[in-house]
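Enquirer: Here you go, this is query_5.csv (CSV, C-alpha atoms and all ligand atoms).
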```
chain,number,residue,atom,x,y,z
A,1,MET,CA,0.0,0.0,0.0
A,2,PHE,CA,1.4,3.3,-1.0
A,3,LEU,CA,-0.3,5.2,1.8
A,4,LYS,CA,0.5,5.0,5.5
A,5,LEU,CA,-2.9,3.7,6.6
A,6,ASN,CA,-4.0,4.3,10.1
A,7,LYS,CA,-2.9,1.0,11.9
A,8,ARG,CA,-6.4,0.2,13.0
A,9,ILE,CA,-7.8,0.6,9.5
A,10,GLU,CA,-5.1,-1.7,8.0
A,11,LYS,CA,-6.4,-4.6,10.0
A,12,ILE,CA,-10.1,-4.3,9.0
A,13,LYS,CA,-11.5,-6.7,6.5
A,14,PRO,CA,-14.2,-5.1,4.3
A,15,TYR,CA,-17.8,-6.1,5.0
A,16,ILE,CA,-19.0,-8.9,2.6
A,17,PRO,CA,-22.7,-8.7,2.1
A,18,GLY,CA,-25.0,-11.5,0.9
A,19,LYS,CA,-24.2,-12.2,-2.8
A,20,PRO,CA,-26.1,-9.7,-4.9
A,21,GLU,CA,-28.6,-11.0,-7.4
A,22,GLU,CA,-26.9,-9.2,-10.3
A,23,VAL,CA,-23.6,-10.9,-9.5
A,24,LEU,CA,-25.0,-14.4,-9.6
A,25,GLN,CA,-27.0,-13.6,-12.7
A,26,ARG,CA,-23.7,-12.6,-14.4
A,27,GLU,CA,-21.9,-15.7,-13.1
A,28,LEU,CA,-24.5,-18.2,-14.2
A,29,GLY,CA,-26.3,-16.5,-17.0
A,30,VAL,CA,-29.5,-17.8,-15.4
A,31,GLU,CA,-32.7,-15.8,-15.6
A,32,ARG,CA,-34.5,-16.6,-12.4
A,33,ILE,CA,-32.6,-15.7,-9.2
A,34,ILE,CA,-34.1,-16.2,-5.8
A,35,LYS,CA,-32.1,-14.1,-3.3
A,36,LEU,CA,-32.8,-15.2,0.2
A,37,ALA,CA,-29.5,-13.9,1.6
A,38,SER,CA,-29.9,-10.4,3.0
A,39,ASN,CA,-33.2,-10.4,4.9
A,40,GLU,CA,-34.9,-8.1,2.3
A,41,ASN,CA,-38.7,-8.0,2.0
A,42,PRO,CA,-39.7,-10.6,-0.6
A,43,LEU,CA,-42.9,-8.6,-1.4
A,44,GLY,CA,-40.8,-5.8,-2.7
A,45,THR,CA,-41.4,-2.1,-2.0
A,46,SER,CA,-44.6,-0.7,-0.6
A,47,PRO,CA,-46.7,0.6,-3.6
A,48,ARG,CA,-47.3,3.8,-1.7
A,49,ALA,CA,-43.6,4.4,-1.4
A,50,ILE,CA,-43.1,3.8,-5.1
A,51,ASP,CA,-45.8,6.4,-5.9
A,52,ALA,CA,-44.1,8.9,-3.5
A,53,ILE,CA,-40.7,8.4,-5.2
A,54,LYS,CA,-42.3,8.9,-8.7
A,55,GLY,CA,-43.8,12.1,-7.5
A,56,GLU,CA,-40.5,13.4,-6.2
A,57,THR,CA,-38.0,12.5,-9.0
A,58,GLU,CA,-38.2,15.9,-10.7
A,59,LYS,CA,-37.0,17.5,-7.5
A,60,SER,CA,-33.9,15.4,-7.5
A,61,TYR,CA,-31.8,18.5,-8.3
A,62,PHE,CA,-32.7,19.9,-4.9
A,63,TYR,CA,-31.0,18.9,-1.7
A,64,PRO,CA,-33.3,17.3,0.8
A,65,ASP,CA,-34.7,19.4,3.7
A,66,ASP,CA,-31.8,18.7,6.1
A,67,THR,CA,-34.0,19.0,9.1
A,68,TYR,CA,-36.2,16.2,7.7
A,69,TYR,CA,-39.0,18.0,9.3
A,70,SER,CA,-41.9,16.1,7.6
A,71,LEU,CA,-40.4,12.6,8.0
A,72,LYS,CA,-39.4,13.2,11.6
A,73,ASN,CA,-42.8,14.6,12.4
A,74,LYS,CA,-44.5,11.4,11.1
A,75,LEU,CA,-42.0,9.1,12.8
A,76,SER,CA,-42.5,11.0,16.1
A,77,LYS,CA,-46.2,10.2,16.0
A,78,TYR,CA,-45.6,6.7,14.8
A,79,TYR,CA,-43.2,5.9,17.6
A,80,ASN,CA,-44.7,8.2,20.1
A,81,VAL,CA,-41.5,10.1,21.0
A,82,PRO,CA,-40.7,13.8,20.6
A,83,ASP,CA,-39.4,14.6,17.1
A,84,GLU,CA,-36.2,16.1,18.5
A,85,TRP,CA,-35.4,12.6,19.8
A,86,ILE,CA,-35.1,11.3,16.3
A,87,ILE,CA,-32.1,11.1,14.0
A,88,LEU,CA,-32.0,9.6,10.5
A,89,GLY,CA,-29.2,7.6,8.9
A,90,SER,CA,-28.4,6.2,5.5
A,91,GLY,CA,-29.5,2.9,6.8
A,92,SER,CA,-29.1,2.0,10.5
A,93,VAL,CA,-25.5,0.9,9.7
A,94,GLU,CA,-24.6,4.6,9.4
A,95,LEU,CA,-26.2,5.3,12.8
A,96,ILE,CA,-24.2,2.5,14.3
A,97,LYS,CA,-21.0,4.0,13.0
A,98,MET,CA,-21.9,7.5,14.2
A,99,ALA,CA,-22.7,6.2,17.7
A,100,ALA,CA,-19.4,4.3,17.9
A,101,SER,CA,-17.4,7.4,16.7
A,102,LEU,CA,-18.8,9.4,19.6
A,103,VAL,CA,-17.3,7.3,22.4
A,104,LEU,CA,-14.7,4.9,21.1
A,105,ASP,CA,-11.0,5.5,21.1
A,106,GLU,CA,-7.8,3.5,21.8
A,107,GLY,CA,-8.0,2.4,25.4
A,108,LYS,CA,-11.8,2.3,25.5
A,109,TYR,CA,-13.6,-1.0,25.4
A,110,ALA,CA,-16.8,-2.2,23.7
A,111,ILE,CA,-18.8,-5.3,24.7
A,112,VAL,CA,-19.9,-7.3,21.7
A,113,SER,CA,-21.8,-10.6,21.5
A,114,LYS,CA,-20.4,-13.3,19.3
A,115,ASN,CA,-22.7,-14.5,16.5
A,116,SER,CA,-24.3,-11.2,16.0
A,117,PHE,CA,-24.5,-8.4,13.4
A,118,LEU,CA,-21.0,-8.0,11.9
A,119,MET,CA,-21.0,-4.2,11.8
A,120,TYR,CA,-20.6,-3.9,15.6
A,121,GLU,CA,-17.2,-5.5,15.4
A,122,LYS,CA,-16.2,-3.4,12.4
A,123,VAL,CA,-17.0,-0.1,14.0
A,124,VAL,CA,-15.0,-1.0,17.1
A,125,GLN,CA,-12.1,-2.0,14.9
A,126,GLU,CA,-12.3,1.3,13.2
A,127,PHE,CA,-12.6,3.6,16.2
A,128,ALA,CA,-10.7,1.7,18.9
A,129,GLY,CA,-9.1,-1.4,17.6
A,130,GLU,CA,-9.8,-5.1,17.6
A,131,GLU,CA,-8.0,-5.5,21.0
A,132,TYR,CA,-10.6,-3.4,22.7
A,133,ILE,CA,-13.5,-5.7,21.9
A,134,LEU,CA,-14.7,-7.7,24.9
A,135,TRP,CA,-16.4,-10.7,23.2
A,136,VAL,CA,-19.2,-12.4,25.0
A,137,ASP,CA,-20.1,-15.9,23.8
A,138,THR,CA,-23.7,-16.8,23.0
A,139,THR,CA,-25.5,-19.6,25.0
A,140,ASP,CA,-25.6,-23.2,23.7
A,141,ASN,CA,-28.7,-22.2,21.7
A,142,TYR,CA,-26.9,-19.2,20.2
A,143,GLU,CA,-28.9,-16.7,22.3
A,144,TYR,CA,-27.5,-13.5,23.7
A,145,ASP,CA,-25.9,-14.1,27.2
A,146,LEU,CA,-26.6,-10.9,29.2
A,147,LYS,CA,-25.0,-12.6,32.3
A,148,GLY,CA,-21.8,-12.6,30.2
A,149,PHE,CA,-22.3,-8.9,29.4
A,150,GLU,CA,-22.7,-8.2,33.1
A,151,LYS,CA,-19.4,-10.0,33.9
A,152,GLU,CA,-17.7,-7.7,31.5
A,153,LEU,CA,-19.4,-4.7,33.0
A,154,ASN,CA,-17.9,-5.7,36.3
A,155,SER,CA,-14.4,-6.4,34.9
A,156,GLY,CA,-13.1,-3.0,35.9
A,157,LYS,CA,-12.2,-2.1,32.3
A,158,ASN,CA,-12.8,1.3,30.7
A,159,ILE,CA,-16.0,0.3,28.8
A,160,SER,CA,-17.6,3.0,26.6
A,161,ILE,CA,-20.2,1.2,24.5
A,162,LEU,CA,-22.2,-2.1,24.2
A,163,PHE,CA,-24.2,-3.5,21.4
A,164,ILE,CA,-27.4,-5.5,21.6
A,165,ALA,CA,-29.4,-6.8,18.6
A,166,ASN,CA,-32.9,-7.8,19.7
A,167,PRO,CA,-34.0,-9.8,17.8
A,168,ASN,CA,-30.6,-11.0,16.8
A,169,ASN,CA,-29.2,-11.5,13.3
A,170,PRO,CA,-28.1,-14.1,12.2
A,171,THR,CA,-29.6,-16.4,14.9
A,172,GLY,CA,-33.2,-15.1,15.0
A,173,SER,CA,-33.2,-15.3,18.8
A,174,TYR,CA,-34.5,-12.6,21.1
A,175,ILE,CA,-34.1,-11.4,24.7
A,176,PRO,CA,-37.3,-11.5,26.8
A,177,ALA,CA,-38.4,-8.0,27.9
A,178,GLU,CA,-37.9,-8.5,31.6
A,179,GLU,CA,-34.4,-9.9,31.3
A,180,LEU,CA,-33.3,-7.1,29.0
A,181,TYR,CA,-34.9,-4.4,31.1
A,182,SER,CA,-33.3,-5.6,34.3
A,183,PHE,CA,-29.9,-5.7,32.5
A,184,LEU,CA,-30.3,-2.1,31.2
A,185,LYS,CA,-30.9,-0.9,34.7
A,186,LYS,CA,-27.4,-2.3,35.6
A,187,VAL,CA,-25.6,-0.5,32.9
A,188,PRO,CA,-23.9,2.7,34.2
A,189,ASP,CA,-25.0,6.0,32.5
A,190,ASN,CA,-21.5,6.6,31.1
A,191,ILE,CA,-21.8,3.5,28.8
A,192,LEU,CA,-23.6,4.0,25.5
A,193,ILE,CA,-26.1,1.2,24.9
A,194,ILE,CA,-26.9,0.4,21.2
A,195,LEU,CA,-30.2,-1.4,21.1
A,196,ASP,CA,-30.7,-2.5,17.5
A,197,GLU,CA,-34.3,-3.5,16.6
A,198,ALA,CA,-33.9,-4.0,12.8
A,199,TYR,CA,-36.4,-6.9,12.9
A,200,VAL,CA,-38.8,-5.7,15.5
A,201,GLU,CA,-41.7,-5.7,13.1
A,202,TYR,CA,-41.5,-9.4,12.7
A,203,ALA,CA,-41.3,-10.2,16.5
A,204,ASP,CA,-44.5,-11.6,18.1
A,205,ALA,CA,-43.3,-13.6,21.1
A,206,GLU,CA,-45.4,-12.7,24.1
A,207,ASP,CA,-42.5,-11.8,26.2
A,208,TYR,CA,-40.8,-9.7,23.5
A,209,LYS,CA,-41.0,-5.9,23.8
A,210,SER,CA,-39.5,-3.1,21.9
A,211,GLY,CA,-37.2,-0.8,24.0
A,212,LEU,CA,-38.8,2.4,22.6
A,213,GLU,CA,-40.4,3.3,25.9
A,214,TRP,CA,-37.2,2.6,27.8
A,215,VAL,CA,-35.5,5.5,25.9
A,216,LYS,CA,-37.5,7.8,28.2
A,217,GLU,CA,-35.8,6.2,31.2
A,218,PHE,CA,-32.2,5.7,30.0
A,219,PRO,CA,-30.3,8.8,28.7
A,220,ASN,CA,-27.6,6.5,27.5
A,221,LEU,CA,-29.8,4.3,25.3
A,222,PHE,CA,-29.7,4.7,21.5
A,223,LEU,CA,-32.5,2.7,19.9
A,224,LEU,CA,-32.2,1.7,16.3
A,225,ARG,CA,-34.9,0.9,13.7
A,226,THR,CA,-34.6,0.4,10.0
A,227,LEU,CA,-36.9,0.7,7.0
A,228,SER,CA,-34.8,-1.8,5.1
A,229,LYS,CA,-36.7,-4.9,6.3
A,230,ALA,CA,-40.4,-5.0,6.9
A,231,TYR,CA,-40.9,-1.7,5.0
A,232,GLY,CA,-39.1,-2.9,1.9
A,233,LEU,CA,-36.7,0.1,1.5
A,234,ALA,CA,-33.3,-1.6,1.7
A,235,GLY,CA,-32.2,-0.1,-1.6
A,236,LEU,CA,-33.0,3.4,-0.5
A,237,ARG,CA,-31.2,3.3,2.8
A,238,VAL,CA,-33.2,4.8,5.7
A,239,GLY,CA,-32.4,4.0,9.3
A,240,VAL,CA,-34.0,5.7,12.4
A,241,GLY,CA,-32.3,6.3,15.7
A,242,VAL,CA,-34.1,7.4,18.9
A,243,ALA,CA,-32.4,8.8,21.9
A,244,GLN,CA,-33.0,11.5,24.5
A,245,ARG,CA,-32.0,15.1,23.6
A,246,GLU,CA,-28.4,15.2,25.0
A,247,LEU,CA,-27.3,12.0,23.3
A,248,LEU,CA,-29.1,13.1,20.1
A,249,GLU,CA,-27.3,16.4,20.1
A,250,ALA,CA,-24.0,14.6,20.3
A,251,LEU,CA,-24.9,12.4,17.4
A,252,MET,CA,-25.9,15.4,15.4
A,253,LYS,CA,-22.3,16.6,15.7
A,254,VAL,CA,-21.1,13.7,13.5
A,255,ARG,CA,-24.0,13.4,11.1
A,256,LEU,CA,-23.2,14.3,7.5
A,257,PRO,CA,-25.5,16.8,6.0
A,258,PHE,CA,-28.3,15.4,3.7
A,259,ASN,CA,-27.4,11.9,4.7
A,260,VAL,CA,-30.8,10.5,3.7
A,261,SER,CA,-31.6,11.3,0.1
A,262,ARG,CA,-34.7,13.2,-1.0
A,263,LEU,CA,-36.2,10.2,-2.7
A,264,ALA,CA,-35.5,8.0,0.3
A,265,SER,CA,-37.1,10.3,2.7
A,266,VAL,CA,-40.4,10.7,0.8
A,267,ALA,CA,-40.5,6.9,0.3
A,268,ALA,CA,-40.0,6.5,4.1
A,269,GLU,CA,-42.9,8.8,4.9
A,270,ALA,CA,-45.2,6.8,2.6
A,271,ALA,CA,-43.9,3.5,3.8
A,272,ILE,CA,-44.6,4.0,7.4
A,273,GLU,CA,-48.2,5.0,6.6
A,274,ASP,CA,-48.7,1.9,4.4
A,275,LYS,CA,-50.2,-0.3,7.1
A,276,ASP,CA,-51.6,-2.8,4.6
A,277,PHE,CA,-48.2,-3.5,3.2
A,278,LEU,CA,-46.7,-3.9,6.7
A,279,GLU,CA,-49.4,-6.3,7.7
A,280,LEU,CA,-49.1,-8.3,4.6
A,281,SER,CA,-45.3,-8.5,5.1
A,282,PHE,CA,-45.8,-9.7,8.6
A,283,LYS,CA,-48.4,-12.4,7.6
A,284,THR,CA,-46.4,-13.6,4.6
A,285,ASN,CA,-43.3,-13.9,6.8
A,286,LYS,CA,-45.1,-15.8,9.5
A,287,LYS,CA,-46.6,-18.3,7.2
A,288,GLY,CA,-43.4,-18.7,5.2
A,289,LYS,CA,-41.4,-19.1,8.4
A,290,GLU,CA,-43.7,-21.8,9.7
A,291,PHE,CA,-43.6,-23.6,6.4
A,292,LEU,CA,-39.8,-23.5,6.1
A,293,PHE,CA,-39.3,-24.4,9.8
A,294,GLU,CA,-41.4,-27.5,9.3
A,295,GLU,CA,-40.0,-28.6,6.0
A,296,LEU,CA,-36.3,-28.1,7.0
A,297,THR,CA,-37.0,-30.0,10.3
A,298,LYS,CA,-38.6,-32.9,8.3
A,299,ILE,CA,-35.5,-33.1,6.1
A,300,GLY,CA,-33.5,-33.6,9.3
A,301,PHE,CA,-31.8,-30.2,9.6
A,302,LYS,CA,-31.6,-28.5,13.0
A,303,VAL,CA,-33.6,-25.3,12.7
A,304,PHE,CA,-33.5,-22.5,15.3
A,305,PRO,CA,-36.7,-20.6,16.4
A,306,SER,CA,-36.8,-17.1,15.0
A,307,GLN,CA,-38.5,-13.8,15.8
A,308,THR,CA,-37.3,-12.3,12.5
A,309,ASN,CA,-37.7,-12.7,8.7
A,310,PHE,CA,-35.0,-15.4,8.5
A,311,LEU,CA,-34.2,-18.8,9.9
A,312,MET,CA,-30.8,-20.2,10.9
A,313,PHE,CA,-30.3,-23.9,10.3
A,314,ILE,CA,-27.6,-26.5,10.6
A,315,PRO,CA,-27.8,-28.8,7.6
A,316,THR,CA,-26.9,-32.5,7.7
A,317,VAL,CA,-24.4,-31.9,4.8
A,318,ASP,CA,-21.5,-29.5,4.3
A,319,PRO,CA,-23.0,-26.0,4.4
A,320,ILE,CA,-20.6,-24.4,2.0
A,321,GLU,CA,-21.2,-27.2,-0.6
A,322,LEU,CA,-24.9,-26.9,-0.1
A,323,VAL,CA,-24.9,-23.1,-0.6
A,324,LYS,CA,-22.8,-23.6,-3.8
A,325,LYS,CA,-25.1,-26.2,-5.2
A,326,LEU,CA,-28.1,-24.0,-4.4
A,327,GLU,CA,-26.5,-21.1,-6.2
A,328,LYS,CA,-26.1,-23.2,-9.3
A,329,LYS,CA,-29.9,-23.4,-9.2
A,330,GLY,CA,-30.2,-19.7,-8.8
A,331,ILE,CA,-30.9,-19.6,-5.1
A,332,ILE,CA,-28.7,-17.5,-2.8
A,333,LEU,CA,-28.5,-18.2,0.9
A,334,ARG,CA,-26.0,-17.0,3.5
A,335,PRO,CA,-23.4,-19.3,5.0
A,336,LEU,CA,-22.6,-18.2,8.6
A,337,GLY,CA,-18.9,-18.8,8.8
A,338,PRO,CA,-18.2,-15.0,8.9
A,339,PHE,CA,-20.7,-14.9,11.9
A,340,GLY,CA,-18.7,-17.5,13.8
A,341,ILE,CA,-21.1,-20.3,13.1
A,342,PRO,CA,-19.5,-22.3,10.3
A,343,ASP,CA,-21.9,-25.2,10.5
A,344,ALA,CA,-24.9,-23.0,9.9
A,345,VAL,CA,-26.7,-21.3,7.0
A,346,ARG,CA,-29.2,-18.5,7.1
A,347,ILE,CA,-32.3,-18.3,4.8
A,348,THR,CA,-34.4,-15.2,4.5
A,349,ILE,CA,-38.1,-16.1,4.4
A,350,GLY,CA,-39.3,-15.6,0.8
A,351,THR,CA,-42.8,-15.6,-0.8
A,352,MET,CA,-44.5,-18.9,-0.5
A,353,GLU,CA,-43.6,-19.6,-4.2
A,354,GLN,CA,-39.9,-18.9,-3.5
A,355,ASN,CA,-40.0,-21.0,-0.3
A,356,LYS,CA,-41.5,-24.0,-2.2
A,357,ILE,CA,-39.0,-23.7,-5.0
A,358,PHE,CA,-36.2,-23.6,-2.4
A,359,ILE,CA,-37.5,-26.7,-0.7
A,360,ASP,CA,-37.9,-28.6,-3.9
A,361,SER,CA,-34.4,-27.7,-5.1
A,362,LEU,CA,-33.0,-28.6,-1.8
A,363,LYS,CA,-34.5,-32.1,-1.9
A,364,GLU,CA,-33.1,-32.6,-5.4
A,365,ILE,CA,-29.6,-31.4,-4.3
A,366,LEU,CA,-29.5,-33.6,-1.2
A,367,LYS,CA,-29.7,-36.6,-3.4
A,368,GLU,CA,-26.3,-35.6,-4.8
A,369,PHE,CA,-24.5,-35.8,-1.4
A,401,LIG,C1,-29.2,-6.5,13.2
A,401,LIG,C2,-29.1,-5.5,12.1
A,401,LIG,N1,-28.9,-4.2,12.3
A,401,LIG,C3,-28.8,-3.4,11.3
A,401,LIG,C4,-28.9,-3.8,10.0
A,401,LIG,C5,-28.7,-2.7,8.9
A,401,LIG,O1,-29.7,-2.4,8.2
A,401,LIG,P1,-29.7,-1.0,7.4
A,401,LIG,O2,-28.4,-0.4,7.4
A,401,LIG,O3,-30.2,-1.5,6.0
A,401,LIG,O4,-30.8,-0.2,8.0
A,401,LIG,C6,-29.1,-5.1,9.7
A,401,LIG,C7,-29.1,-5.5,8.3
A,401,LIG,O5,-29.0,-6.7,7.9
A,401,LIG,C8,-29.2,-6.0,10.8
A,401,LIG,O6,-29.3,-7.3,10.5
```
Could the structure of this file be written out as C-alpha cells, please?
Ligand SMILES: Cc1ncc(COP(=O)(O)O)c(C=O)c1O
Expert:
Amino acid sequence: MFLKLNKRIEKIKPYIPGKPEEVLQRELGVERIIKLASNENPLGTSPRAIDAIKGETEKSYFYPDDTYYSLKNKLSKYYNVPDEWIILGSGSVELIKMAASLVLDEGKYAIVSKNSFLMYEKVVQEFAGEEYILWVDTTDNYEYDLKGFEKELNSGKNISILFIANPNNPTGSYIPAEELYSFLKKVPDNILIILDEAYVEYADAEDYKSGLEWVKEFPNLFLLRTLSKAYGLAGLRVGVGVAQRELLEALMKVRLPFNVSRLASVAAEAAIEDKDFLELSFKTNKKGKEFLFEELTKIGFKVFPSQTNFLMFIPTVDPIELVKKLEKKGIILRPLGPFGIPDAVRITIGTMEQNKIFIDSLKEILKEF
C-alpha cells in the first residue's frame, strides 16, 4: 500500500454482504434468481412508497430538507416520541458507526456478542481497535448471554459502549423484555447502549417488547430501527435512531448533511403509513417461516426458532457445498462462517412460491450428497 494507513484501518476486512442477485446472474447467466441472503422484503417495495418516489423524482436536483421535518414529524407520531429525539441515517448501519465514533478511542472498550451483526465488530475495529472488543459468547442455543455482558461490565475495564441486537441477526433469537430491562438498569450511565431493533416488526413472542419506551428512562440508550426490512426500502437506505436530547445532540455533531436522500425520505414517509403493506409483510413472513421451519426439520436439519424474517439452520451436509449447489440453481443463501457459526446457514423467508422452489431444489440437491 502506497499510503500509510491508520494502523487500526489496516487490520479491518471489508464487509462482505450477501451475494447480490446481479452478481450471480452474471456468473451463471440464469434468468431466475431467488435471493434469500440479506433479509430483504420478498414482497418488494410498498406501492405507496413507489408512488411517492415517482412524484418526487423531478425535485432530485434539490438537496433534501436537512431537518427532515416532515419525516421526523411522522416518525414521532408513529413511535410516540418527541421529534427532537429522532435522528436519521443512511440505513441504520450509518447510525451504528456514528454512535461508535462518539465514544470509542484507543483504550476504551466495547462489549460485543459473538454470533451477532457484523457491523458492531467493524466499527469498534475502526474507532478503537480489535483488541478493545470484549467478546461475549452466546449460549448453547446461540442466544445473547446478558450474564456474560454483566461479567464484562464488572471487569473494571474502561468500557464505553455495548451492542445488543434484539431480535438478533443471524440467529433469529430474542431477549425477553424483563431480562433485557433488568440488564439495562445495571448499565452505568456513562456507557452507551446500542439497542438494534432491525427486525422488531416481525417479532411476536409474548415476552418480547421493543425498547422504545425505555428510551425515556435511560439517557444512554440509543435505539435503532430500519426501513430496510419490513418496510421494503433496503435499496433506499433509511435508518432511524431514537435517543434523549443530550445524546441526540452529540450524534448530530457527527452526522453528514443530507445523509438521507430526498427520494429515500419521501419513500420512508409513505412506507410508514402503508399499514396494509406492513401487515401483509408480517403475515407472509409468519406463514413462510412456519412452512420452512417444518420442511427443514422434516428433512433432518436443525432449525432454530426465529423472531425475525429469516431462519438459521444446521444442515446434515457440508453447508458451503450446499450453498454452492443452491447457487447453481439460482438460489442465494448466506453461509454463517463469517458470523462465527461455520456449521450453519441463514435463509431469508421468501414468498410462498420462493419457499417452495427452495425446498424442492434442496430435496433434489440432497440426493447428490
Ligand atoms: C441487526 C441488524 N442491524 C442493522 C442492519 C442494517 O440495516 P440497514 O443499514 O439497512 O438499516 C441489519 C441488516 O442486515 C441487521 O441485521
Enquirer: Pick out the residues no farther than 7 Å from ligand LIG 401 (chain A), counting only C-alpha atoms and all ligand atoms, and list them as an mmCIF file with C-alpha atoms, in the coordinates of the input.
Expert:
```
data_model
loop_
_atom_site.group_PDB
_atom_site.id
_atom_site.type_symbol
_atom_site.label_atom_id
_atom_site.label_comp_id
_atom_site.auth_asym_id
_atom_site.auth_seq_id
_atom_site.Cartn_x
_atom_site.Cartn_y
_atom_site.Cartn_z
ATOM 1 C CA SER A 38 -29.900 -10.400 3.000
ATOM 2 C CA ASN A 39 -33.200 -10.400 4.900
ATOM 3 C CA SER A 90 -28.400 6.200 5.500
ATOM 4 C CA GLY A 91 -29.500 2.900 6.800
ATOM 5 C CA SER A 92 -29.100 2.000 10.500
ATOM 6 C CA VAL A 93 -25.500 0.900 9.700
ATOM 7 C CA GLU A 94 -24.600 4.600 9.400
ATOM 8 C CA PHE A 117 -24.500 -8.400 13.400
ATOM 9 C CA ALA A 165 -29.400 -6.800 18.600
ATOM 10 C CA ASN A 168 -30.600 -11.000 16.800
ATOM 11 C CA ASN A 169 -29.200 -11.500 13.300
ATOM 12 C CA ASP A 196 -30.700 -2.500 17.500
ATOM 13 C CA GLU A 197 -34.300 -3.500 16.600
ATOM 14 C CA ALA A 198 -33.900 -4.000 12.800
ATOM 15 C CA THR A 226 -34.600 0.400 10.000
ATOM 16 C CA LEU A 227 -36.900 0.700 7.000
ATOM 17 C CA SER A 228 -34.800 -1.800 5.100
ATOM 18 C CA ALA A 234 -33.300 -1.600 1.700
ATOM 19 C CA ARG A 237 -31.200 3.300 2.800
ATOM 20 C CA VAL A 238 -33.200 4.800 5.700
ATOM 21 C CA GLY A 239 -32.400 4.000 9.300
#
```
Enquirer: Around the point (-27.7, 11.8, 13.7) (coordinates from the file), which residues reach within 7 Å if we count all atoms listed in the file? Answer as a VMD selection string.
Expert: chain A and resid 87 to 89 95 248 251 to 252 254 to 255
Enquirer: Which one of A:Asn285, A:Asn220, A:Gln307, A:Ser261 sits closest to A:Glu246 if you count only C-alpha atoms?
Expert: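 The shortest atom-to-atom distance to A:Glu246 comes from A:Asn220.
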Enquirer: Separation of atom CA of A:Met312 and atom CA of A:Tyr199, in Å?
Expert: 14.6 Å
Enquirer: Near stretch 188-195 of chain A, within 9 Å and counting all atoms listed in the file, which residues show up once chain neighbours fewer than 3 positions away are dropped, as a list in words?
Expert: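 Counting all atoms listed in the file, the residues come to Ile96, Ala99, Ala100, Val103, Leu153, Ile159, Ser160, Ile161, Leu162, Phe163, Ile164, Ala165, Asn166, Leu184, Lys185, Gly211, Phe218, Pro219, Asn220, Leu221, Phe222, Leu223 and Leu224 of chain A.
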Enquirer: Choose the residue, out of A:Thr348, A:Lys114, A:Lys35, A:Val215, that has the smallest atom-to-atom separation from A:Leu247; count only C-alpha atoms.
Expert: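 Ranked by minimum distance to A:Leu247, first place goes to A:Val215.
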Enquirer: To one decimal place in Å, what is the distance between atom CA of A:Ser46 and atom CA of A:Gly350?
Expert: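 Atom CA of A:Ser46 sits 15.9 Å away from atom CA of A:Gly350.
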Enquirer: Need to verify the contact set: A:Leu104, 6 Å, only C-alpha atoms, exclusion of same-chain residues closer than 2 positions in sequence. Can you return it as a list in words?
Expert: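 The neighbour list is Ala100, Ser101, Lys108, Phe127 and Ala128 of chain A.
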Enquirer: Can you write out the residues you just picked, keeping C-alpha atoms, as a PDB file, in the frame of the given file?
Expert:
```
ATOM      1  CA  ALA A 100     -19.400   4.300  17.900  1.00  0.00           C
ATOM      2  CA  SER A 101     -17.400   7.400  16.700  1.00  0.00           C
ATOM      3  CA  LYS A 108     -11.800   2.300  25.500  1.00  0.00           C
ATOM      4  CA  PHE A 127     -12.600   3.600  16.200  1.00  0.00           C
ATOM      5  CA  ALA A 128     -10.700   1.700  18.900  1.00  0.00           C
TER       6      ALA A 128
END
```
Enquirer: Nearest to A:Tyr144 among A:Ala243, A:Met98, A:Val112, A:Ile314, with distances taken over only C-alpha atoms: which residue is it?
Expert: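 For A:Tyr144, the nearest of the given residues is A:Val112.
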Enquirer: Atom CA of A:Ile299 and atom CA of A:Leu362, how far apart in Å?
Expert: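 According to the coordinates, atom CA of A:Leu362 and atom CA of A:Ile299 are separated by 9.4 Å.
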Enquirer: Please list as a ChimeraX atom specification every residue within 8 Å of A:Leu75, counting only C-alpha atoms and excluding residues in the same chain fewer than 5 positions away.
Expert: /A:80,83,269,272
Enquirer: Can I get the selected residues back with C-alpha atoms, as an mmCIF file, in the coordinates of the input?
Expert:
```
data_model
loop_
_atom_site.group_PDB
_atom_site.id
_atom_site.type_symbol
_atom_site.label_atom_id
_atom_site.label_comp_id
_atom_site.auth_asym_id
_atom_site.auth_seq_id
_atom_site.Cartn_x
_atom_site.Cartn_y
_atom_site.Cartn_z
ATOM 1 C CA ASN A 80 -44.700 8.200 20.100
ATOM 2 C CA ASP A 83 -39.400 14.600 17.100
ATOM 3 C CA GLU A 269 -42.900 8.800 4.900
ATOM 4 C CA ILE A 272 -44.600 4.000 7.400
#
```
Enquirer: Which residue, A:Asp145, A:Glu279, A:Glu126, A:Asp140, has the smallest gap to A:Glu106 when you use all atoms listed in the file?
Expert: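 The answer is A:Glu126, which sits nearest to A:Glu106.
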Enquirer: For A:Lys74, which residue among A:Val323, A:Ser265, A:Ile133, A:Val345 is the nearest when counting all atoms listed in the file?
Expert: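 Distance minimum relative to A:Lys74 lands on A:Ser265.
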Enquirer: Which polymer residues have any atom within 10 Å of an atom of A:Glu131, counting all atoms listed in the file, with same-chain residues fewer than 3 positions away left out, as a list in words?
Expert: Arg8, Glu106, Gly107, Lys108, Tyr109, Ala110, Val124, Gln125, Ala128 and Leu134 of chain A
Enquirer: Rank A:Glu121, A:Glu130, A:Glu368, A:Asp276 by their smallest atom-to-atom distance to A:Glu321, using all atoms listed in the file, and report the top residue only.
Expert: A:Glu368
Enquirer: Which residues come within 10 Å of A:Asp51, counting all atoms listed in the file, excluding same-chain residues fewer than 3 positions away, as a list in words?
Expert: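 The neighbour list is Ser46, Pro47, Arg48, Lys54, Gly55, Glu56, Val266, Ala267 and Ala270 of chain A.
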